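So the structure is just underneath, and the comments pick up after that.
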Amino acid sequence: MRPRAAPALRRVRHQIKGAERKLKTQHMPTALIILAAGQGTRMLSDTPKVLHRLAGAPLLVHAMEAGRALEAARTVVVAGHGGAAVADAARAHDPEAITVTQEEQLGTGHAVAQAMPTLSGFAGDAVVLFGDTPFIRPETLAAMREARQAGHDVVVLGFEAAEPGRYGRLVMDGDRLAHIVEAKDATDEERAIKFCNSGVICASAETLSTLVGAIGNDNAAGEYYLTDIVGLANARGLSCTAIRCDEAETLGVNTRADLARAEAVFQDRARTEAMAGGVTLTAPETVFFAHDTVIGRDTVIGPNVIFGPGVTVESGAEIRGFCHLEGCHVSHGATVGPFARLRPGAELANDVHVGNFVEVKNAVIDDGAKVNHLTYIGDAHVGARSNIGAGTITCNYDGVMKHRTEIGADAFIGSSTMLVAPVNIGARAMTGSGSVITEDVPDGALAIARGKQSNKPGLGIRLIERLRAIKARKTN
């Protein structure tokens with residue numbers, strides 16, 4: 001009979017084995033598997049649950065963004081209900097994302113199994129995320145990868161629950177994850193555990209494929225549960241552990257109320273981060289950010305401002321109250337609002353003024369130009385230091401195509417000017433108030449295009465009296 005190794009020797013062998021595992025995993029690529037097949041019946045919606053928007057982006061995109069910190073070499077989205085729309089959203093965010101379909105929803109283990117053929121021969125780790133869980137932090141996923149690099153074969157993400165309720169419990173033996181027990185199957189002692197399972201798992205793609213392939217469905221629901229891989233891994237002598245995260249990271253969205261709570265959590269974090277980064281919010285609770293909003297320090301944001309996706313505001317700008325910004329760029333020292341709307345393609349250079357009830361779309365406004373009130377600037381270029389008078393409209397759409405308006409530097413556009421595109425206004429040129437400009441205006445010229453005024457003595461009084469009489473007859 002072969003003698004057992006002494007405890008000290010066993011420890012040394014374990015350390016050597018762990019070091020070997022660490023060397024193998026340190027530079028391995030990572031794949032993301034995002035489970036997004038659920039219909040989300042409690043949302044009461046024809047839209048797939050993972051496509052409901054949080055901070056201007058589908059829930060699915062938030063999960064994909066969380067994995068960006070891992071520099072994933074491959075992203076696999078497991079779709080089901082509304083699969084074509086889910087695939088389109090995934091590719092819109094990451095053109096290289098792979099989508100597979102889970103025709104029947106037979107549990108999380110079954111969902112992961114649909115993804116495994118796309119990772120055949122993939123020599124790296126796989127991280128399983130959920131498309132309806134948007135708040136997993138990149139730092140948390142990095143910690144899971146570090147645990148893999150430390151030599152653990154399976155790493156599960158857990159959290160300390162204030163109210164464990166129906167969550168599965170993570171039963172630990174030191175830093176070893178002994179098993180996961182569902183609440184309904186737990187003993188009284190196990191139900192007292194507050195360390196709960198999030199469902200997020202990291203393992204090598206090869207290990208995950210092997211373990212998922214061994215999952216059975218001998219349970220009341222007849223489903224294949226991904227959590228079963230922990231028991232299977234331990235039975236095979238593999239090392240399992242769990243990493244802790246804040247409970248807020250594991251917030252899942254299953255209902256409209258959950259979605260509203262998630263929005264509130266996101267906005268609270270975004271406001272806090274903005275102020276910590278040197279941004280002034282005069283009424284923080286009324287400002288709403290998108291998932292990708294970028295605001296520079298020393299910017300002041302007034303009340304009731306909404307940022308749609310794709311907005312960058314550089315340092316030292318001011319966004320006054322009741323503005324809506326989307327897909328635009330605001331440079332240093334610019335002032336926007338109040339009651340202004342910047343639509344996609346709006347580019348405001350340094351020290352630009354865009355005032356109340358002004359809308360800018362797909363237009364560049366150069367340094368120091370002013371568009372102060374009651375104006376629409378669309379498909380246009382406004383030169384530096386130009387002044388656009390109140391009520392000016394760039395008439396950019398002919399019913400079929402869009403046309404551009406070019407306004408040179410130091411131009412002065414009189415109030416209520418209609419600029420019928422395509423048209424060019426030269427540098428230092430002027431237009432008379434109330435003009436309808438249909439032809440190019442040379443540099444330094446003054447363009448006046450009005451109908452000739454004609455005064456009819458006494459006709460105003462007679463017309464009003466006649467209209468009042470007609471109204472009186474109708475009333476009687």
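Residue numbering restarts at 1 in every chain; chains get A, B, ... in the order shown in the structure tokens, and ligands count up from 1 in that same order.
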
- Nearby residues (only C-alpha atoms) at most 6 Å from segment 162-174 of chain A, same-chain spacing under 3 positions excluded, as a ChimeraX atom specification: /A:177-183,194-197

Which of segment 88-292 of chain A fall in strand (DSSP E or B), as an mmCIF file with all heavy atoms, in the first residue's frame:
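What ended up in part.cif:
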data_model
loop_
_atom_site.group_PDB
_atom_site.id
_atom_site.type_symbol
_atom_site.label_atom_id
_atom_site.label_comp_id
_atom_site.auth_asym_id
_atom_site.auth_seq_id
_atom_site.Cartn_x
_atom_site.Cartn_y
_atom_site.Cartn_z
ATOM 1 N N ILE A 98 -21.309 37.383 -31.203
ATOM 2 C CA ILE A 98 -21.929 36.165 -31.744
ATOM 3 C C ILE A 98 -23.250 35.937 -31.019
ATOM 4 O O ILE A 98 -23.317 36.064 -29.795
ATOM 5 C CB ILE A 98 -21.006 34.947 -31.547
ATOM 6 C CG1 ILE A 98 -19.652 35.186 -32.222
ATOM 7 C CG2 ILE A 98 -21.656 33.674 -32.070
ATOM 8 C CD1 ILE A 98 -18.591 34.186 -31.806
ATOM 9 N N THR A 99 -24.285 35.599 -31.763
ATOM 10 C CA THR A 99 -25.579 35.313 -31.145
ATOM 11 C C THR A 99 -25.988 33.883 -31.443
ATOM 12 O O THR A 99 -25.917 33.437 -32.605
ATOM 13 C CB THR A 99 -26.668 36.273 -31.650
ATOM 14 O OG1 THR A 99 -26.255 37.616 -31.425
ATOM 15 C CG2 THR A 99 -27.976 36.034 -30.918
ATOM 16 N N VAL A 100 -26.375 33.166 -30.417
ATOM 17 C CA VAL A 100 -26.932 31.820 -30.581
ATOM 18 C C VAL A 100 -28.340 31.824 -30.003
ATOM 19 O O VAL A 100 -28.698 32.687 -29.200
ATOM 20 C CB VAL A 100 -26.062 30.753 -29.889
ATOM 21 C CG1 VAL A 100 -24.684 30.702 -30.501
ATOM 22 C CG2 VAL A 100 -25.972 30.998 -28.386
ATOM 23 N N THR A 101 -29.143 30.854 -30.396
ATOM 24 C CA THR A 101 -30.547 30.829 -29.987
ATOM 25 C C THR A 101 -30.828 29.643 -29.077
ATOM 26 O O THR A 101 -30.450 28.503 -29.387
ATOM 27 C CB THR A 101 -31.467 30.758 -31.215
ATOM 28 O OG1 THR A 101 -31.196 31.872 -32.058
ATOM 29 C CG2 THR A 101 -32.934 30.794 -30.799
ATOM 30 N N ASP A 125 -10.543 31.672 -20.593
ATOM 31 C CA ASP A 125 -11.633 31.629 -19.620
ATOM 32 C C ASP A 125 -12.942 32.057 -20.252
ATOM 33 O O ASP A 125 -12.977 32.768 -21.266
ATOM 34 C CB ASP A 125 -11.329 32.561 -18.440
ATOM 35 C CG ASP A 125 -10.255 31.998 -17.519
ATOM 36 O OD1 ASP A 125 -9.943 30.804 -17.643
ATOM 37 O OD2 ASP A 125 -9.725 32.766 -16.700
ATOM 38 N N ALA A 126 -14.028 31.632 -19.623
ATOM 39 C CA ALA A 126 -15.373 32.069 -20.011
ATOM 40 C C ALA A 126 -16.056 32.633 -18.778
ATOM 41 O O ALA A 126 -15.996 32.040 -17.696
ATOM 42 C CB ALA A 126 -16.169 30.914 -20.595
ATOM 43 N N VAL A 127 -16.689 33.778 -18.932
ATOM 44 C CA VAL A 127 -17.436 34.407 -17.849
ATOM 45 C C VAL A 127 -18.900 34.444 -18.259
ATOM 46 O O VAL A 127 -19.239 34.945 -19.340
ATOM 47 C CB VAL A 127 -16.936 35.833 -17.565
ATOM 48 C CG1 VAL A 127 -17.781 36.493 -16.482
ATOM 49 C CG2 VAL A 127 -15.474 35.799 -17.144
ATOM 50 N N VAL A 128 -19.773 33.929 -17.402
ATOM 51 C CA VAL A 128 -21.210 33.910 -17.670
ATOM 52 C C VAL A 128 -21.859 35.096 -16.967
ATOM 53 O O VAL A 128 -21.757 35.236 -15.742
ATOM 54 C CB VAL A 128 -21.850 32.598 -17.194
ATOM 55 C CG1 VAL A 128 -23.358 32.612 -17.479
ATOM 56 C CG2 VAL A 128 -21.186 31.396 -17.870
ATOM 57 N N LEU A 129 -22.499 35.973 -17.748
ATOM 58 C CA LEU A 129 -23.230 37.114 -17.228
ATOM 59 C C LEU A 129 -24.692 37.012 -17.620
ATOM 60 O O LEU A 129 -25.068 36.171 -18.447
ATOM 61 C CB LEU A 129 -22.648 38.427 -17.788
ATOM 62 C CG LEU A 129 -21.195 38.748 -17.447
ATOM 63 C CD1 LEU A 129 -20.741 39.987 -18.206
ATOM 64 C CD2 LEU A 129 -21.029 38.955 -15.951
ATOM 65 N N PHE A 130 -25.512 37.894 -17.055
ATOM 66 C CA PHE A 130 -26.943 37.902 -17.342
ATOM 67 C C PHE A 130 -27.335 39.227 -17.976
ATOM 68 O O PHE A 130 -26.964 40.297 -17.486
ATOM 69 C CB PHE A 130 -27.749 37.659 -16.056
ATOM 70 C CG PHE A 130 -27.548 36.282 -15.495
ATOM 71 C CD1 PHE A 130 -26.464 36.000 -14.680
ATOM 72 C CD2 PHE A 130 -28.419 35.250 -15.810
ATOM 73 C CE1 PHE A 130 -26.247 34.729 -14.179
ATOM 74 C CE2 PHE A 130 -28.218 33.976 -15.323
ATOM 75 C CZ PHE A 130 -27.126 33.705 -14.501
ATOM 76 N N VAL A 154 -13.145 27.057 -10.721
ATOM 77 C CA VAL A 154 -14.482 27.648 -10.873
ATOM 78 C C VAL A 154 -14.621 28.775 -9.856
ATOM 79 O O VAL A 154 -14.370 28.576 -8.667
ATOM 80 C CB VAL A 154 -15.596 26.606 -10.652
ATOM 81 C CG1 VAL A 154 -16.973 27.263 -10.741
ATOM 82 C CG2 VAL A 154 -15.488 25.482 -11.672
ATOM 83 N N VAL A 155 -14.988 29.956 -10.336
ATOM 84 C CA VAL A 155 -15.165 31.118 -9.462
ATOM 85 C C VAL A 155 -16.602 31.610 -9.609
ATOM 86 O O VAL A 155 -17.069 31.890 -10.713
ATOM 87 C CB VAL A 155 -14.191 32.245 -9.817
ATOM 88 C CG1 VAL A 155 -14.374 33.426 -8.861
ATOM 89 C CG2 VAL A 155 -12.751 31.748 -9.767
ATOM 90 N N VAL A 156 -17.286 31.708 -8.480
ATOM 91 C CA VAL A 156 -18.690 32.144 -8.455
ATOM 92 C C VAL A 156 -18.752 33.519 -7.792
ATOM 93 O O VAL A 156 -18.007 33.793 -6.846
ATOM 94 C CB VAL A 156 -19.563 31.131 -7.693
ATOM 95 C CG1 VAL A 156 -20.988 31.640 -7.517
ATOM 96 C CG2 VAL A 156 -19.548 29.790 -8.410
ATOM 97 N N LEU A 157 -19.628 34.370 -8.268
ATOM 98 C CA LEU A 157 -19.818 35.684 -7.666
ATOM 99 C C LEU A 157 -20.968 35.631 -6.667
ATOM 100 O O LEU A 157 -22.077 35.217 -7.003
ATOM 101 C CB LEU A 157 -20.124 36.729 -8.741
ATOM 102 C CG LEU A 157 -20.300 38.167 -8.240
ATOM 103 C CD1 LEU A 157 -19.023 38.666 -7.578
ATOM 104 C CD2 LEU A 157 -20.712 39.087 -9.380
ATOM 105 N N GLY A 158 -20.682 36.059 -5.426
ATOM 106 C CA GLY A 158 -21.701 36.068 -4.387
ATOM 107 C C GLY A 158 -21.842 37.431 -3.754
ATOM 108 O O GLY A 158 -21.042 38.333 -3.997
ATOM 109 N N PHE A 159 -22.855 37.584 -2.931
ATOM 110 C CA PHE A 159 -23.103 38.851 -2.250
ATOM 111 C C PHE A 159 -23.767 38.590 -0.912
ATOM 112 O O PHE A 159 -24.454 37.579 -0.723
ATOM 113 C CB PHE A 159 -24.003 39.759 -3.103
ATOM 114 C CG PHE A 159 -25.358 39.168 -3.399
ATOM 115 C CD1 PHE A 159 -26.463 39.508 -2.628
ATOM 116 C CD2 PHE A 159 -25.530 38.268 -4.438
ATOM 117 C CE1 PHE A 159 -27.711 38.966 -2.889
ATOM 118 C CE2 PHE A 159 -26.775 37.721 -4.713
ATOM 119 C CZ PHE A 159 -27.874 38.073 -3.937
ATOM 120 N N GLU A 160 -23.520 39.483 0.022
ATOM 121 C CA GLU A 160 -24.160 39.408 1.330
ATOM 122 C C GLU A 160 -25.535 40.065 1.227
ATOM 123 O O GLU A 160 -25.647 41.277 1.037
ATOM 124 C CB GLU A 160 -23.316 40.121 2.379
ATOM 125 C CG GLU A 160 -21.960 39.486 2.640
ATOM 126 C CD GLU A 160 -22.058 38.184 3.409
ATOM 127 O OE1 GLU A 160 -23.100 37.955 4.059
ATOM 128 O OE2 GLU A 160 -21.088 37.405 3.353
ATOM 129 N N ARG A 169 -27.938 29.803 -1.515
ATOM 130 C CA ARG A 169 -26.884 30.111 -0.539
ATOM 131 C C ARG A 169 -25.557 29.501 -0.989
ATOM 132 O O ARG A 169 -25.503 28.382 -1.518
ATOM 133 C CB ARG A 169 -27.232 29.570 0.845
ATOM 134 C CG ARG A 169 -28.602 29.957 1.395
ATOM 135 C CD ARG A 169 -28.826 31.471 1.437
ATOM 136 N NE ARG A 169 -29.846 31.815 2.413
ATOM 137 C CZ ARG A 169 -31.149 31.914 2.146
ATOM 138 N NH1 ARG A 169 -31.602 31.696 0.915
ATOM 139 N NH2 ARG A 169 -32.010 32.242 3.107
ATOM 140 N N LEU A 170 -24.476 30.257 -0.753
ATOM 141 C CA LEU A 170 -23.134 29.762 -1.020
ATOM 142 C C LEU A 170 -22.552 29.234 0.280
ATOM 143 O O LEU A 170 -22.325 29.998 1.222
ATOM 144 C CB LEU A 170 -22.260 30.887 -1.583
ATOM 145 C CG LEU A 170 -22.740 31.524 -2.899
ATOM 146 C CD1 LEU A 170 -21.763 32.593 -3.355
ATOM 147 C CD2 LEU A 170 -22.918 30.468 -3.986
ATOM 148 N N VAL A 171 -22.328 27.958 0.312
ATOM 149 C CA VAL A 171 -21.810 27.319 1.520
ATOM 150 C C VAL A 171 -20.291 27.226 1.383
ATOM 151 O O VAL A 171 -19.772 26.528 0.505
ATOM 152 C CB VAL A 171 -22.426 25.922 1.714
ATOM 153 C CG1 VAL A 171 -21.890 25.280 3.004
ATOM 154 C CG2 VAL A 171 -23.950 26.021 1.768
ATOM 155 N N MET A 172 -19.578 27.957 2.250
ATOM 156 C CA MET A 172 -18.129 28.054 2.152
ATOM 157 C C MET A 172 -17.453 27.191 3.212
ATOM 158 O O MET A 172 -17.971 26.997 4.304
ATOM 159 C CB MET A 172 -17.691 29.510 2.331
ATOM 160 C CG MET A 172 -18.309 30.487 1.352
ATOM 161 S SD MET A 172 -17.860 30.170 -0.379
ATOM 162 C CE MET A 172 -16.080 30.462 -0.340
ATOM 163 N N ASP A 173 -16.266 26.706 2.855
ATOM 164 C CA ASP A 173 -15.382 26.018 3.785
ATOM 165 C C ASP A 173 -14.035 26.727 3.666
ATOM 166 O O ASP A 173 -13.193 26.373 2.851
ATOM 167 C CB ASP A 173 -15.260 24.541 3.404
ATOM 168 C CG ASP A 173 -14.310 23.780 4.332
ATOM 169 O OD1 ASP A 173 -13.922 24.344 5.384
ATOM 170 O OD2 ASP A 173 -13.946 22.647 3.989
ATOM 171 N N ARG A 176 -12.923 27.904 0.172
ATOM 172 C CA ARG A 176 -13.438 26.909 -0.777
ATOM 173 C C ARG A 176 -14.950 26.950 -0.797
ATOM 174 O O ARG A 176 -15.604 26.971 0.242
ATOM 175 C CB ARG A 176 -12.970 25.513 -0.382
ATOM 176 C CG ARG A 176 -13.375 24.412 -1.388
ATOM 177 C CD ARG A 176 -12.842 23.059 -0.964
ATOM 178 N NE ARG A 176 -13.617 22.502 0.132
ATOM 179 C CZ ARG A 176 -14.696 21.731 -0.037
ATOM 180 N NH1 ARG A 176 -15.136 21.442 -1.261
ATOM 181 N NH2 ARG A 176 -15.330 21.241 1.013
ATOM 182 N N LEU A 177 -15.514 27.008 -2.003
ATOM 183 C CA LEU A 177 -16.968 26.928 -2.150
ATOM 184 C C LEU A 177 -17.359 25.462 -2.155
ATOM 185 O O LEU A 177 -17.089 24.734 -3.111
ATOM 186 C CB LEU A 177 -17.399 27.613 -3.455
ATOM 187 C CG LEU A 177 -18.885 27.532 -3.803
ATOM 188 C CD1 LEU A 177 -19.758 28.142 -2.704
ATOM 189 C CD2 LEU A 177 -19.155 28.233 -5.140
ATOM 190 N N ALA A 178 -17.982 25.039 -1.035
ATOM 191 C CA ALA A 178 -18.333 23.626 -0.890
ATOM 192 C C ALA A 178 -19.505 23.256 -1.803
ATOM 193 O O ALA A 178 -19.453 22.261 -2.533
ATOM 194 C CB ALA A 178 -18.677 23.315 0.563
ATOM 195 N N HIS A 179 -20.556 24.046 -1.762
ATOM 196 C CA HIS A 179 -21.675 23.808 -2.669
ATOM 197 C C HIS A 179 -22.646 24.985 -2.636
ATOM 198 O O HIS A 179 -22.564 25.858 -1.773
ATOM 199 C CB HIS A 179 -22.417 22.500 -2.330
ATOM 200 C CG HIS A 179 -23.069 22.483 -0.991
ATOM 201 N ND1 HIS A 179 -22.383 22.261 0.187
ATOM 202 C CD2 HIS A 179 -24.376 22.675 -0.618
ATOM 203 C CE1 HIS A 179 -23.217 22.297 1.208
ATOM 204 N NE2 HIS A 179 -24.439 22.553 0.748
ATOM 205 N N ILE A 180 -23.560 24.978 -3.587
ATOM 206 C CA ILE A 180 -24.637 25.966 -3.652
ATOM 207 C C ILE A 180 -25.935 25.228 -3.361
ATOM 208 O O ILE A 180 -26.227 24.213 -3.993
ATOM 209 C CB ILE A 180 -24.706 26.642 -5.027
ATOM 210 C CG1 ILE A 180 -23.375 27.304 -5.376
ATOM 211 C CG2 ILE A 180 -25.843 27.665 -5.079
ATOM 212 C CD1 ILE A 180 -23.330 27.899 -6.781
ATOM 213 N N VAL A 181 -26.695 25.770 -2.428
ATOM 214 C CA VAL A 181 -27.960 25.127 -2.075
ATOM 215 C C VAL A 181 -29.096 26.111 -2.300
ATOM 216 O O VAL A 181 -29.010 27.281 -1.915
ATOM 217 C CB VAL A 181 -27.949 24.626 -0.608
ATOM 218 C CG1 VAL A 181 -27.720 25.765 0.377
ATOM 219 C CG2 VAL A 181 -29.241 23.886 -0.280
ATOM 220 N N PHE A 195 -24.691 34.785 2.600
ATOM 221 C CA PHE A 195 -23.846 34.850 1.412
ATOM 222 C C PHE A 195 -24.567 34.122 0.285
ATOM 223 O O PHE A 195 -24.742 32.904 0.325
ATOM 224 C CB PHE A 195 -22.493 34.213 1.709
ATOM 225 C CG PHE A 195 -21.442 34.462 0.651
ATOM 226 C CD1 PHE A 195 -21.401 35.637 -0.079
ATOM 227 C CD2 PHE A 195 -20.458 33.507 0.422
ATOM 228 C CE1 PHE A 195 -20.425 35.862 -1.030
ATOM 229 C CE2 PHE A 195 -19.464 33.729 -0.520
ATOM 230 C CZ PHE A 195 -19.458 34.906 -1.250
ATOM 231 N N CYS A 196 -25.013 34.882 -0.719
ATOM 232 C CA CYS A 196 -25.937 34.348 -1.712
ATOM 233 C C CYS A 196 -25.332 34.335 -3.112
ATOM 234 O O CYS A 196 -24.375 35.037 -3.416
ATOM 235 C CB CYS A 196 -27.234 35.169 -1.720
ATOM 236 S SG CYS A 196 -28.128 35.079 -0.152
ATOM 237 N N ASN A 197 -25.937 33.534 -3.957
ATOM 238 C CA ASN A 197 -25.444 33.311 -5.309
ATOM 239 C C ASN A 197 -26.006 34.335 -6.288
ATOM 240 O O ASN A 197 -27.217 34.557 -6.353
ATOM 241 C CB ASN A 197 -25.845 31.896 -5.758
ATOM 242 C CG ASN A 197 -25.407 31.596 -7.171
ATOM 243 O OD1 ASN A 197 -24.316 31.994 -7.581
ATOM 244 N ND2 ASN A 197 -26.250 30.894 -7.911
ATOM 245 N N SER A 198 -25.123 34.957 -7.069
ATOM 246 C CA SER A 198 -25.567 35.897 -8.102
ATOM 247 C C SER A 198 -25.817 35.221 -9.434
ATOM 248 O O SER A 198 -26.484 35.772 -10.311
ATOM 249 C CB SER A 198 -24.505 36.987 -8.307
ATOM 250 O OG SER A 198 -23.385 36.447 -8.993
ATOM 251 N N GLY A 199 -25.237 34.037 -9.620
ATOM 252 C CA GLY A 199 -25.346 33.327 -10.886
ATOM 253 C C GLY A 199 -24.175 33.566 -11.821
ATOM 254 O O GLY A 199 -23.986 32.831 -12.787
ATOM 255 N N VAL A 200 -23.378 34.588 -11.559
ATOM 256 C CA VAL A 200 -22.232 34.903 -12.412
ATOM 257 C C VAL A 200 -21.103 33.928 -12.105
ATOM 258 O O VAL A 200 -20.749 33.715 -10.942
ATOM 259 C CB VAL A 200 -21.760 36.350 -12.187
ATOM 260 C CG1 VAL A 200 -20.503 36.649 -12.997
ATOM 261 C CG2 VAL A 200 -22.876 37.317 -12.563
ATOM 262 N N ILE A 201 -20.524 33.332 -13.144
ATOM 263 C CA ILE A 201 -19.530 32.273 -12.970
ATOM 264 C C ILE A 201 -18.371 32.494 -13.940
ATOM 265 O O ILE A 201 -18.566 32.967 -15.064
ATOM 266 C CB ILE A 201 -20.169 30.883 -13.219
ATOM 267 C CG1 ILE A 201 -21.075 30.509 -12.033
ATOM 268 C CG2 ILE A 201 -19.118 29.802 -13.446
ATOM 269 C CD1 ILE A 201 -21.803 29.201 -12.202
ATOM 270 N N CYS A 202 -17.180 32.150 -13.487
ATOM 271 C CA CYS A 202 -15.979 32.203 -14.328
ATOM 272 C C CYS A 202 -15.243 30.869 -14.229
ATOM 273 O O CYS A 202 -15.028 30.355 -13.133
ATOM 274 C CB CYS A 202 -15.065 33.346 -13.873
ATOM 275 S SG CYS A 202 -13.505 33.453 -14.781
ATOM 276 N N ALA A 203 -14.880 30.329 -15.369
ATOM 277 C CA ALA A 203 -14.104 29.088 -15.436
ATOM 278 C C ALA A 203 -13.444 29.052 -16.803
ATOM 279 O O ALA A 203 -13.776 29.845 -17.691
ATOM 280 C CB ALA A 203 -14.995 27.868 -15.238
ATOM 281 N N SER A 204 -12.497 28.137 -16.974
ATOM 282 C CA SER A 204 -11.947 27.993 -18.320
ATOM 283 C C SER A 204 -13.064 27.492 -19.231
ATOM 284 O O SER A 204 -13.980 26.782 -18.803
ATOM 285 C CB SER A 204 -10.773 27.020 -18.327
ATOM 286 O OG SER A 204 -11.218 25.685 -18.222
ATOM 287 N N CYS A 240 -13.028 25.215 -6.264
ATOM 288 C CA CYS A 240 -14.106 26.193 -6.423
ATOM 289 C C CYS A 240 -14.014 27.242 -5.313
ATOM 290 O O CYS A 240 -13.723 26.918 -4.162
ATOM 291 C CB CYS A 240 -15.478 25.514 -6.340
ATOM 292 S SG CYS A 240 -15.760 24.251 -7.591
ATOM 293 N N THR A 241 -14.265 28.500 -5.671
ATOM 294 C CA THR A 241 -14.290 29.560 -4.675
ATOM 295 C C THR A 241 -15.352 30.572 -5.053
ATOM 296 O O THR A 241 -15.974 30.481 -6.120
ATOM 297 C CB THR A 241 -12.906 30.240 -4.550
ATOM 298 O OG1 THR A 241 -12.886 31.051 -3.378
ATOM 299 C CG2 THR A 241 -12.592 31.106 -5.764
ATOM 300 N N ALA A 242 -15.560 31.547 -4.183
ATOM 301 C CA ALA A 242 -16.550 32.605 -4.442
ATOM 302 C C ALA A 242 -15.938 33.953 -4.112
ATOM 303 O O ALA A 242 -15.198 34.094 -3.143
ATOM 304 C CB ALA A 242 -17.806 32.372 -3.619
ATOM 305 N N ILE A 243 -16.264 34.930 -4.930
ATOM 306 C CA ILE A 243 -15.829 36.316 -4.749
ATOM 307 C C ILE A 243 -17.033 37.131 -4.302
ATOM 308 O O ILE A 243 -18.138 36.949 -4.806
ATOM 309 C CB ILE A 243 -15.262 36.882 -6.067
ATOM 310 C CG1 ILE A 243 -14.000 36.137 -6.461
ATOM 311 C CG2 ILE A 243 -14.978 38.376 -5.947
ATOM 312 C CD1 ILE A 243 -12.856 36.275 -5.483
ATOM 313 N N ARG A 244 -16.808 38.051 -3.361
ATOM 314 C CA ARG A 244 -17.902 38.878 -2.849
ATOM 315 C C ARG A 244 -18.017 40.197 -3.611
ATOM 316 O O ARG A 244 -17.020 40.803 -3.979
ATOM 317 C CB ARG A 244 -17.703 39.169 -1.358
ATOM 318 C CG ARG A 244 -18.069 38.023 -0.445
ATOM 319 C CD ARG A 244 -17.718 38.332 1.002
ATOM 320 N NE ARG A 244 -18.359 37.412 1.927
ATOM 321 C CZ ARG A 244 -17.946 36.193 2.187
ATOM 322 N NH1 ARG A 244 -16.852 35.748 1.567
ATOM 323 N NH2 ARG A 244 -18.594 35.416 3.032
ATOM 324 N N CYS A 245 -19.256 40.629 -3.810
ATOM 325 C CA CYS A 245 -19.510 41.960 -4.348
ATOM 326 C C CYS A 245 -20.642 42.592 -3.554
ATOM 327 O O CYS A 245 -21.304 41.923 -2.748
ATOM 328 C CB CYS A 245 -19.869 41.911 -5.840
ATOM 329 S SG CYS A 245 -21.510 41.240 -6.189
ATOM 330 N N THR A 280 -20.623 70.821 -11.150
ATOM 331 C CA THR A 280 -21.648 71.401 -10.283
ATOM 332 C C THR A 280 -23.032 71.045 -10.816
ATOM 333 O O THR A 280 -23.337 71.338 -11.984
ATOM 334 C CB THR A 280 -21.508 72.935 -10.213
ATOM 335 O OG1 THR A 280 -20.281 73.260 -9.572
ATOM 336 C CG2 THR A 280 -22.660 73.558 -9.421
ATOM 337 N N LEU A 281 -23.848 70.424 -9.983
ATOM 338 C CA LEU A 281 -25.251 70.145 -10.292
ATOM 339 C C LEU A 281 -26.081 70.975 -9.324
ATOM 340 O O LEU A 281 -26.087 70.704 -8.118
ATOM 341 C CB LEU A 281 -25.569 68.661 -10.136
ATOM 342 C CG LEU A 281 -24.702 67.661 -10.917
ATOM 343 C CD1 LEU A 281 -25.180 66.239 -10.642
ATOM 344 C CD2 LEU A 281 -24.741 67.959 -12.405
ATOM 345 N N PHE A 288 -30.627 64.034 -15.419
ATOM 346 C CA PHE A 288 -30.605 62.632 -15.826
ATOM 347 C C PHE A 288 -29.523 62.420 -16.872
ATOM 348 O O PHE A 288 -29.471 63.113 -17.895
ATOM 349 C CB PHE A 288 -31.971 62.214 -16.384
ATOM 350 C CG PHE A 288 -33.024 62.096 -15.316
ATOM 351 C CD1 PHE A 288 -33.692 63.221 -14.870
ATOM 352 C CD2 PHE A 288 -33.308 60.876 -14.732
ATOM 353 C CE1 PHE A 288 -34.645 63.135 -13.867
ATOM 354 C CE2 PHE A 288 -34.264 60.773 -13.732
ATOM 355 C CZ PHE A 288 -34.931 61.902 -13.293
#

- Task: Write out as a list in words which residues come within 9 Å of Glu71 of chain A when counting only C-alpha atoms, dropping same-chain ones fewer than 3 positions away.
- Result: Pro29, Thr30, Ala31, Gly67, Arg68 and Arg74 of chain A

- Surrounding residues of Asp379 of chain A excluding itself and chain neighbours under 6 positions, 12 Å, only C-alpha atoms, as an MDAnalysis selection string: chainID A and resid 343:347 359:365 393:397 401:407 419:423

Give me the residues within 7 Å of Asn387 of chain A as a tab-separated table (two decimals) with N, CA, C and O atoms, in the first residue's frame, counting only C-alpha atoms and dropping any in the same chain fewer than 2 places off.
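After the write, result-v2.tsv holds the following:
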chain	number	residue	atom	x	y	z
A	369	ALA	N	-19.52	82.01	-31.64
A	369	ALA	CA	-20.77	82.34	-32.34
A	369	ALA	C	-21.92	82.34	-31.35
A	369	ALA	O	-21.89	81.67	-30.31
A	370	LYS	N	-22.97	83.10	-31.69
A	370	LYS	CA	-24.13	83.22	-30.80
A	370	LYS	C	-25.42	82.91	-31.55
A	370	LYS	O	-25.69	83.46	-32.62
A	371	VAL	N	-26.17	81.98	-30.95
A	371	VAL	CA	-27.51	81.65	-31.46
A	371	VAL	C	-28.41	81.74	-30.23
A	371	VAL	O	-28.66	80.75	-29.54
A	385	ARG	N	-17.76	83.68	-34.38
A	385	ARG	CA	-18.21	85.00	-33.94
A	385	ARG	C	-19.46	85.50	-34.66
A	385	ARG	O	-19.85	86.66	-34.51
A	389	GLY	N	-29.79	85.93	-35.45
A	389	GLY	CA	-30.89	86.64	-34.82
A	389	GLY	C	-32.06	85.74	-34.46
A	389	GLY	O	-32.21	84.62	-34.96
A	411	ALA	N	-20.52	86.84	-39.55
A	411	ALA	CA	-21.75	87.21	-40.25
A	411	ALA	C	-22.80	87.67	-39.24
A	411	ALA	O	-22.74	87.33	-38.05
A	412	PHE	N	-23.77	88.42	-39.73
A	412	PHE	CA	-24.90	88.86	-38.88
A	412	PHE	C	-26.18	88.50	-39.61
A	412	PHE	O	-26.46	89.02	-40.70
A	413	ILE	N	-26.95	87.59	-38.99
A	413	ILE	CA	-28.21	87.14	-39.58
A	413	ILE	C	-29.35	87.83	-38.85
A	413	ILE	O	-29.54	87.63	-37.64
